[in-house]
Amino acid sequence: MHHFDVETLSAGRWRNGGGATREIASRPAGSDAFGWRASVADIDRDGPFSAFPGVDRTLTLLAGEGVRLTCPGVFDRLLARAGEPFGFSGDLALDAELPGGSCRVLNLMVRRGRWTTTVERVVGPIAPREGHAGVLYVLRGRWQAGAHGQVLTPGQGVWWDGDDEASAGAVAPLSPDAVALWADLIPMG
């Protein structure tokens with residue numbers, strides 16, 4: 001498992017100046033034609049979201065008052081509750097509005113036809129599935145990666161690739177208030 005702390009990840013500003021992205025992982029690494037990508041985005045102001053043709057996205061509010069995503073004639077969705085995932089096609093041209101100011105989101109993207117993902121809010125142990133990749137992001141409390149692994153706190157987490165030896169141990173809560181987001185990334189074929 002690969003540990004990350006969002007605050008130590010380098011932030012890249014968006015071309016439109018509306019925010020910054022901190023990449024957790026992208027596979028294959030360094031490729032614009034990623035199979036899957038996980039990042040945390042700080043959205044600073046209202047504006048358009050970049051389209052990603054052929055990609056399915058899942059956005060989950062982490063902090064802030066929320067973000068309203070609109071695509072005329074398709075949907076108008078306010079993400080106002082931290083930890084509640086929302087999936088949509090990256091083909092869509094979206095606009096984002098910040099009714100309460102800047103916010104932070106977890107962004108999972110998978111190449112359609114090559115990968116699929118489910119993102120869940122979890123409070124119990126997560127055992128990585130063989131052949132799957134995954135990302136676990138701590139929202140609250142303390143978690144432990146593996147039987148003797150690192151203790152994770154809010155804003156930290158772990159990720160693993162499908163060929164990593166992630167099944168060596170579960171990621172488990174250590175405190176009664178522990179809540180995390182878990183993205184199970186599943187290869188297709």
# chains A, B, ... in the order shown; residues from 1 in each chain; ligands from 1

$ residues_around --residues "region 61-64 of chain A" --least-positions-apart "2" --cutoff "8 Å" --atoms "only C-alpha atoms" --output "list in words"
Leu59, Gly66, Val67, Leu79, Ala80, Arg81, Ala82, Gly83, Glu84, Pro85, Gly100, Gly101, Ser102, Cys103, Arg104, Val105, Leu106 and Leu139 of chain A

$ write_last_selection --atoms "all heavy atoms" --output "short mmCIF file (atom, residue, chain, number, x, y, z; two decimals), in the first residue's frame"
data_model
loop_
_atom_site.label_atom_id
_atom_site.label_comp_id
_atom_site.auth_asym_id
_atom_site.auth_seq_id
_atom_site.Cartn_x
_atom_site.Cartn_y
_atom_site.Cartn_z
N LEU A 59 -17.33 12.40 -7.94
CA LEU A 59 -16.89 13.53 -7.13
C LEU A 59 -17.53 13.41 -5.76
O LEU A 59 -18.72 13.11 -5.65
CB LEU A 59 -17.36 14.83 -7.80
CG LEU A 59 -16.49 16.05 -7.67
CD1 LEU A 59 -15.16 15.83 -8.35
CD2 LEU A 59 -17.19 17.24 -8.30
N GLY A 66 -20.14 23.21 -0.05
CA GLY A 66 -20.70 22.45 -1.16
C GLY A 66 -20.39 23.04 -2.52
O GLY A 66 -19.86 24.14 -2.65
N VAL A 67 -20.76 22.27 -3.53
CA VAL A 67 -20.59 22.68 -4.92
C VAL A 67 -21.82 22.21 -5.70
O VAL A 67 -22.27 21.08 -5.54
CB VAL A 67 -19.27 22.11 -5.53
CG1 VAL A 67 -19.22 20.60 -5.45
CG2 VAL A 67 -19.09 22.59 -6.97
N LEU A 79 -23.85 19.16 -4.24
CA LEU A 79 -23.14 18.26 -3.34
C LEU A 79 -22.90 19.06 -2.06
O LEU A 79 -22.05 19.94 -2.03
CB LEU A 79 -21.82 17.82 -3.95
CG LEU A 79 -21.86 17.16 -5.32
CD1 LEU A 79 -20.47 16.82 -5.80
CD2 LEU A 79 -22.73 15.94 -5.29
N ALA A 80 -23.71 18.81 -1.04
CA ALA A 80 -23.64 19.61 0.18
C ALA A 80 -23.26 18.80 1.41
O ALA A 80 -22.98 19.37 2.45
CB ALA A 80 -24.99 20.30 0.43
N ARG A 81 -23.26 17.48 1.30
CA ARG A 81 -22.95 16.62 2.44
C ARG A 81 -21.60 15.95 2.22
O ARG A 81 -21.41 15.22 1.23
CB ARG A 81 -24.04 15.56 2.59
CG ARG A 81 -23.81 14.66 3.77
CD ARG A 81 -24.99 13.71 3.97
NE ARG A 81 -24.65 12.79 5.01
CZ ARG A 81 -24.53 11.48 4.84
NH1 ARG A 81 -24.76 10.93 3.67
NH2 ARG A 81 -24.21 10.70 5.85
N ALA A 82 -20.67 16.20 3.11
CA ALA A 82 -19.34 15.59 3.00
C ALA A 82 -19.46 14.07 3.00
O ALA A 82 -20.21 13.50 3.79
CB ALA A 82 -18.44 16.06 4.13
N GLY A 83 -18.72 13.44 2.10
CA GLY A 83 -18.67 11.98 2.06
C GLY A 83 -19.74 11.34 1.22
O GLY A 83 -19.85 10.11 1.20
N GLU A 84 -20.54 12.12 0.49
CA GLU A 84 -21.60 11.55 -0.35
C GLU A 84 -21.16 11.59 -1.82
O GLU A 84 -21.12 12.66 -2.43
CB GLU A 84 -22.89 12.35 -0.17
CG GLU A 84 -24.09 11.75 -0.84
CD GLU A 84 -25.35 12.52 -0.49
OE1 GLU A 84 -25.80 12.39 0.66
OE2 GLU A 84 -25.84 13.26 -1.36
N PRO A 85 -20.81 10.44 -2.43
CA PRO A 85 -20.29 10.42 -3.79
C PRO A 85 -21.37 10.72 -4.84
O PRO A 85 -22.54 10.39 -4.66
CB PRO A 85 -19.77 8.99 -3.97
CG PRO A 85 -20.04 8.27 -2.71
CD PRO A 85 -20.82 9.14 -1.80
N GLY A 100 -21.39 28.58 -1.00
CA GLY A 100 -20.85 28.99 0.29
C GLY A 100 -19.35 29.26 0.28
O GLY A 100 -18.71 29.25 1.31
N GLY A 101 -18.79 29.47 -0.89
CA GLY A 101 -17.35 29.71 -0.98
C GLY A 101 -16.58 28.47 -1.38
O GLY A 101 -17.16 27.44 -1.73
N SER A 102 -15.26 28.53 -1.31
CA SER A 102 -14.39 27.46 -1.79
C SER A 102 -14.67 26.14 -1.07
O SER A 102 -15.18 26.12 0.05
CB SER A 102 -12.93 27.85 -1.65
OG SER A 102 -12.61 28.06 -0.31
N CYS A 103 -14.31 25.05 -1.74
CA CYS A 103 -14.52 23.72 -1.16
C CYS A 103 -13.44 22.78 -1.67
O CYS A 103 -12.66 23.11 -2.56
CB CYS A 103 -15.91 23.19 -1.50
SG CYS A 103 -16.18 22.81 -3.23
N ARG A 104 -13.40 21.60 -1.07
CA ARG A 104 -12.44 20.56 -1.44
C ARG A 104 -13.22 19.29 -1.76
O ARG A 104 -14.16 18.93 -1.04
CB ARG A 104 -11.47 20.31 -0.29
CG ARG A 104 -10.47 19.19 -0.56
CD ARG A 104 -9.42 19.11 0.52
NE ARG A 104 -8.36 20.08 0.18
CZ ARG A 104 -7.23 20.20 0.86
NH1 ARG A 104 -7.02 19.47 1.93
NH2 ARG A 104 -6.32 21.07 0.48
N VAL A 105 -12.82 18.61 -2.87
CA VAL A 105 -13.50 17.39 -3.30
C VAL A 105 -12.49 16.29 -3.61
O VAL A 105 -11.34 16.58 -3.99
CB VAL A 105 -14.39 17.64 -4.54
CG1 VAL A 105 -15.53 18.59 -4.23
CG2 VAL A 105 -13.58 18.13 -5.72
N LEU A 106 -12.92 15.05 -3.46
CA LEU A 106 -12.17 13.90 -3.94
C LEU A 106 -12.70 13.59 -5.33
O LEU A 106 -13.92 13.52 -5.53
CB LEU A 106 -12.38 12.69 -3.02
CG LEU A 106 -11.68 11.39 -3.43
CD1 LEU A 106 -10.16 11.54 -3.37
CD2 LEU A 106 -12.15 10.24 -2.54
N LEU A 139 -11.80 10.52 6.39
CA LEU A 139 -12.60 11.71 6.66
C LEU A 139 -12.54 12.10 8.13
O LEU A 139 -12.38 13.27 8.46
CB LEU A 139 -14.07 11.48 6.28
CG LEU A 139 -14.38 11.32 4.80
CD1 LEU A 139 -15.83 10.89 4.60
CD2 LEU A 139 -14.11 12.62 4.06
#

$ closest_atom_pairs --of "region 59-160 of chain A" --to "region 2-7 of chain A" --cutoff "12 Å" --atoms "only C-alpha atoms" --output "tab-separated table"
residue	atom	partner	partner_atom	distance
A:Leu62	CA	A:Val6	CA	11.6
A:Arg104	CA	A:Val6	CA	10.9
A:Val105	CA	A:Val6	CA	11.4
A:Leu106	CA	A:Val6	CA	10.5
A:Ala133	CA	A:His2	CA	11.4
A:Gly134	CA	A:His2	CA	10.4
A:Val135	CA	A:His2	CA	9.4
A:Leu136	CA	A:His3	CA	9.7
A:Tyr137	CA	A:Phe4	CA	9.0
A:Val138	CA	A:Asp5	CA	9.9
A:Leu139	CA	A:Val6	CA	11.8
A:Gln144	CA	A:His3	CA	10.9
A:Ala145	CA	A:His3	CA	8.8
A:Gly146	CA	A:His2	CA	11.4
A:Gly149	CA	A:His3	CA	9.9
A:Gln150	CA	A:His3	CA	8.2
A:Val151	CA	A:His3	CA	10.0
A:Leu152	CA	A:His3	CA	8.7
A:Thr153	CA	A:Asp5	CA	8.9
A:Pro154	CA	A:Asp5	CA	8.8
A:Gly155	CA	A:Val6	CA	5.7
A:Gln156	CA	A:Asp5	CA	4.3
A:Gly157	CA	A:Phe4	CA	5.5
A:Val158	CA	A:His3	CA	4.4
A:Trp159	CA	A:His2	CA	5.3
A:Trp160	CA	A:His2	CA	6.1

$ atom_distance --atom1 "CA of Ser10 (chain A)" --atom2 "CA of Thr60 (chain A)"
20.1 Å

$ select_by_dssp --residues "region 1-181 of chain A" --states "strand (DSSP E or B)" --output "ChimeraX atom specification"
/A:2-5,11-13,19-27,36-43,47-49,55-64,67-71,75-79,85-89,94-97,103-111,115-122,126,133-140,143-145,151-152,156-160,171-173,179-181

$ closest_residue --among "A:Arg142, A:Arg13, A:Arg121, A:His132" --to "Leu185 (chain A)" --atoms "only C-alpha atoms"
A:His132

$ residues_around --residues "region 21-37 of chain A" --least-positions-apart "4" --cutoff "6 Å" --atoms "only C-alpha atoms" --output "list in words"
Leu9, Ser10, Ala11, Gly12, Ala41, Leu108, Met109, Val110 and Arg111 of chain A

$ residues_around --residues "Arg77 (chain A)" --least-positions-apart "5" --cutoff "9 Å" --atoms "only C-alpha atoms" --output "PDB file with all heavy atoms, in the first residue's frame"
ATOM      1  N   VAL A  67     -20.756  22.270  -3.530  1.00  0.00           N
ATOM      2  CA  VAL A  67     -20.590  22.676  -4.923  1.00  0.00           C
ATOM      3  C   VAL A  67     -21.820  22.213  -5.698  1.00  0.00           C
ATOM      4  O   VAL A  67     -22.271  21.085  -5.540  1.00  0.00           O
ATOM      5  CB  VAL A  67     -19.274  22.114  -5.534  1.00  0.00           C
ATOM      6  CG1 VAL A  67     -19.217  20.599  -5.453  1.00  0.00           C
ATOM      7  CG2 VAL A  67     -19.087  22.586  -6.968  1.00  0.00           C
ATOM      8  N   ARG A  68     -22.373  23.116  -6.501  1.00  0.00           N
ATOM      9  CA  ARG A  68     -23.506  22.777  -7.372  1.00  0.00           C
ATOM     10  C   ARG A  68     -22.950  22.525  -8.766  1.00  0.00           C
ATOM     11  O   ARG A  68     -22.279  23.378  -9.340  1.00  0.00           O
ATOM     12  CB  ARG A  68     -24.521  23.908  -7.423  1.00  0.00           C
ATOM     13  CG  ARG A  68     -25.693  23.604  -8.363  1.00  0.00           C
ATOM     14  CD  ARG A  68     -26.706  24.726  -8.418  1.00  0.00           C
ATOM     15  NE  ARG A  68     -27.314  24.987  -7.127  1.00  0.00           N
ATOM     16  CZ  ARG A  68     -28.273  24.259  -6.551  1.00  0.00           C
ATOM     17  NH1 ARG A  68     -28.730  23.181  -7.167  1.00  0.00           N
ATOM     18  NH2 ARG A  68     -28.765  24.586  -5.380  1.00  0.00           N
ATOM     19  N   LEU A  69     -23.205  21.325  -9.288  1.00  0.00           N
ATOM     20  CA  LEU A  69     -22.793  20.957 -10.639  1.00  0.00           C
ATOM     21  C   LEU A  69     -24.021  20.991 -11.533  1.00  0.00           C
ATOM     22  O   LEU A  69     -25.053  20.397 -11.202  1.00  0.00           O
ATOM     23  CB  LEU A  69     -22.180  19.558 -10.651  1.00  0.00           C
ATOM     24  CG  LEU A  69     -20.922  19.361  -9.817  1.00  0.00           C
ATOM     25  CD1 LEU A  69     -20.493  17.899  -9.843  1.00  0.00           C
ATOM     26  CD2 LEU A  69     -19.801  20.257 -10.295  1.00  0.00           C
ATOM     27  N   THR A  70     -23.906  21.699 -12.660  1.00  0.00           N
ATOM     28  CA  THR A  70     -25.035  21.774 -13.583  1.00  0.00           C
ATOM     29  C   THR A  70     -24.585  21.449 -14.994  1.00  0.00           C
ATOM     30  O   THR A  70     -23.490  21.808 -15.419  1.00  0.00           O
ATOM     31  CB  THR A  70     -25.687  23.175 -13.581  1.00  0.00           C
ATOM     32  OG1 THR A  70     -24.709  24.149 -13.906  1.00  0.00           O
ATOM     33  CG2 THR A  70     -26.313  23.495 -12.243  1.00  0.00           C
ATOM     34  N   PHE A  86     -20.958  11.316  -5.953  1.00  0.00           N
ATOM     35  CA  PHE A  86     -21.841  11.593  -7.082  1.00  0.00           C
ATOM     36  C   PHE A  86     -21.099  11.238  -8.368  1.00  0.00           C
ATOM     37  O   PHE A  86     -20.037  11.788  -8.652  1.00  0.00           O
ATOM     38  CB  PHE A  86     -22.250  13.066  -7.094  1.00  0.00           C
ATOM     39  CG  PHE A  86     -23.071  13.462  -8.293  1.00  0.00           C
ATOM     40  CD1 PHE A  86     -24.282  12.853  -8.562  1.00  0.00           C
ATOM     41  CD2 PHE A  86     -22.615  14.434  -9.164  1.00  0.00           C
ATOM     42  CE1 PHE A  86     -25.038  13.208  -9.672  1.00  0.00           C
ATOM     43  CE2 PHE A  86     -23.356  14.802 -10.283  1.00  0.00           C
ATOM     44  CZ  PHE A  86     -24.577  14.189 -10.533  1.00  0.00           C
TER      45      PHE A  86
END

$ residues_around --residues "region 91-99 of chain A" --least-positions-apart "6" --cutoff "10 Å" --atoms "only C-alpha atoms" --output "MDAnalysis selection string"
chainID A and resid 18 43:57 64:72 74:80

$ write_last_selection --atoms "N, CA, C and O atoms" --output "CSV table (one decimal), in the first residue's frame"
chain,number,residue,atom,x,y,z
A,18,GLY,N,-9.5,28.5,-11.7
A,18,GLY,CA,-10.6,28.3,-10.7
A,18,GLY,C,-10.3,27.3,-9.6
A,18,GLY,O,-11.2,27.2,-8.7
A,43,ILE,N,-11.6,23.8,-5.1
A,43,ILE,CA,-12.3,24.6,-6.0
A,43,ILE,C,-12.5,26.0,-5.4
A,43,ILE,O,-13.1,26.1,-4.3
A,44,ASP,N,-11.9,27.0,-6.0
A,44,ASP,CA,-11.8,28.3,-5.5
A,44,ASP,C,-12.9,29.3,-5.9
A,44,ASP,O,-13.2,30.2,-5.2
A,45,ARG,N,-13.5,29.1,-7.1
A,45,ARG,CA,-14.5,30.0,-7.6
A,45,ARG,C,-15.4,29.3,-8.6
A,45,ARG,O,-15.0,28.2,-9.2
A,46,ASP,N,-16.5,29.9,-8.9
A,46,ASP,CA,-17.5,29.4,-9.9
A,46,ASP,C,-16.8,29.3,-11.2
A,46,ASP,O,-15.9,30.2,-11.5
A,47,GLY,N,-17.2,28.4,-12.0
A,47,GLY,CA,-16.7,28.3,-13.4
A,47,GLY,C,-16.9,26.9,-14.0
A,47,GLY,O,-17.5,26.0,-13.4
A,48,PRO,N,-16.4,26.8,-15.3
A,48,PRO,CA,-16.6,25.5,-16.0
A,48,PRO,C,-15.7,24.4,-15.4
A,48,PRO,O,-14.6,24.7,-14.9
A,49,PHE,N,-16.2,23.2,-15.6
A,49,PHE,CA,-15.3,22.0,-15.3
A,49,PHE,C,-14.8,21.5,-16.6
A,49,PHE,O,-15.6,21.5,-17.6
A,50,SER,N,-13.6,21.0,-16.7
A,50,SER,CA,-13.0,20.5,-17.9
A,50,SER,C,-13.8,19.2,-18.2
A,50,SER,O,-14.1,18.4,-17.3
A,51,ALA,N,-14.0,19.0,-19.5
A,51,ALA,CA,-14.6,17.7,-20.0
A,51,ALA,C,-13.5,16.7,-20.2
A,51,ALA,O,-12.4,17.1,-20.5
A,52,PHE,N,-13.8,15.4,-19.9
A,52,PHE,CA,-12.9,14.3,-20.1
A,52,PHE,C,-13.6,13.3,-20.9
A,52,PHE,O,-14.2,12.3,-20.3
A,53,PRO,N,-13.6,13.4,-22.2
A,53,PRO,CA,-14.3,12.4,-23.0
A,53,PRO,C,-13.8,11.0,-22.8
A,53,PRO,O,-12.6,10.7,-22.6
A,54,GLY,N,-14.8,10.0,-22.7
A,54,GLY,CA,-14.4,8.6,-22.5
A,54,GLY,C,-14.1,8.3,-21.1
A,54,GLY,O,-13.6,7.2,-20.8
A,55,VAL,N,-14.4,9.2,-20.1
A,55,VAL,CA,-14.0,9.0,-18.7
A,55,VAL,C,-15.3,9.1,-17.9
A,55,VAL,O,-16.1,10.0,-18.1
A,56,ASP,N,-15.4,8.2,-16.9
A,56,ASP,CA,-16.5,8.3,-15.9
A,56,ASP,C,-15.9,8.9,-14.6
A,56,ASP,O,-14.8,8.5,-14.2
A,57,ARG,N,-16.6,9.8,-14.0
A,57,ARG,CA,-16.1,10.5,-12.8
A,57,ARG,C,-17.0,10.3,-11.6
A,57,ARG,O,-18.2,10.2,-11.8
A,64,GLY,N,-16.0,22.2,3.1
A,64,GLY,CA,-16.7,23.4,2.5
A,64,GLY,C,-18.2,23.3,2.5
A,64,GLY,O,-18.7,22.3,3.0
A,65,GLU,N,-18.8,24.3,2.0
A,65,GLU,CA,-20.3,24.4,2.1
A,65,GLU,C,-20.9,23.7,0.9
A,65,GLU,O,-22.2,23.7,0.8
A,66,GLY,N,-20.1,23.2,-0.1
A,66,GLY,CA,-20.7,22.5,-1.2
A,66,GLY,C,-20.4,23.0,-2.5
A,66,GLY,O,-19.9,24.1,-2.6
A,67,VAL,N,-20.8,22.3,-3.5
A,67,VAL,CA,-20.6,22.7,-4.9
A,67,VAL,C,-21.8,22.2,-5.7
A,67,VAL,O,-22.3,21.1,-5.5
A,68,ARG,N,-22.4,23.1,-6.5
A,68,ARG,CA,-23.5,22.8,-7.4
A,68,ARG,C,-22.9,22.5,-8.8
A,68,ARG,O,-22.3,23.4,-9.3
A,69,LEU,N,-23.2,21.3,-9.3
A,69,LEU,CA,-22.8,21.0,-10.6
A,69,LEU,C,-24.0,21.0,-11.5
A,69,LEU,O,-25.1,20.4,-11.2
A,70,THR,N,-23.9,21.7,-12.7
A,70,THR,CA,-25.0,21.8,-13.6
A,70,THR,C,-24.6,21.4,-15.0
A,70,THR,O,-23.5,21.8,-15.4
A,71,CYS,N,-25.5,20.8,-15.7
A,71,CYS,CA,-25.3,20.5,-17.1
A,71,CYS,C,-26.7,20.7,-17.7
A,71,CYS,O,-27.6,19.8,-17.4
A,72,PRO,N,-27.0,21.8,-18.4
A,72,PRO,CA,-28.3,22.1,-18.8
A,72,PRO,C,-29.0,20.9,-19.5
A,72,PRO,O,-28.4,20.3,-20.4
A,74,VAL,N,-29.5,18.0,-18.4
A,74,VAL,CA,-29.1,16.7,-17.9
A,74,VAL,C,-29.2,16.6,-16.4
A,74,VAL,O,-29.9,15.7,-15.9
A,75,PHE,N,-28.6,17.5,-15.7
A,75,PHE,CA,-28.8,17.5,-14.2
A,75,PHE,C,-28.4,18.8,-13.6
A,75,PHE,O,-27.7,19.6,-14.2
A,76,ASP,N,-28.9,19.0,-12.4
A,76,ASP,CA,-28.5,20.1,-11.5
A,76,ASP,C,-28.4,19.5,-10.1
A,76,ASP,O,-29.4,19.1,-9.5
A,77,ARG,N,-27.2,19.4,-9.7
A,77,ARG,CA,-26.9,18.6,-8.4
A,77,ARG,C,-26.1,19.4,-7.4
A,77,ARG,O,-25.0,19.8,-7.8
A,78,LEU,N,-26.6,19.6,-6.2
A,78,LEU,CA,-25.8,20.2,-5.2
A,78,LEU,C,-25.2,19.2,-4.3
A,78,LEU,O,-25.9,18.4,-3.7
A,79,LEU,N,-23.9,19.2,-4.2
A,79,LEU,CA,-23.1,18.3,-3.3
A,79,LEU,C,-22.9,19.1,-2.1
A,79,LEU,O,-22.0,19.9,-2.0
A,80,ALA,N,-23.7,18.8,-1.0
A,80,ALA,CA,-23.6,19.6,0.2
A,80,ALA,C,-23.3,18.8,1.4
A,80,ALA,O,-23.0,19.4,2.5
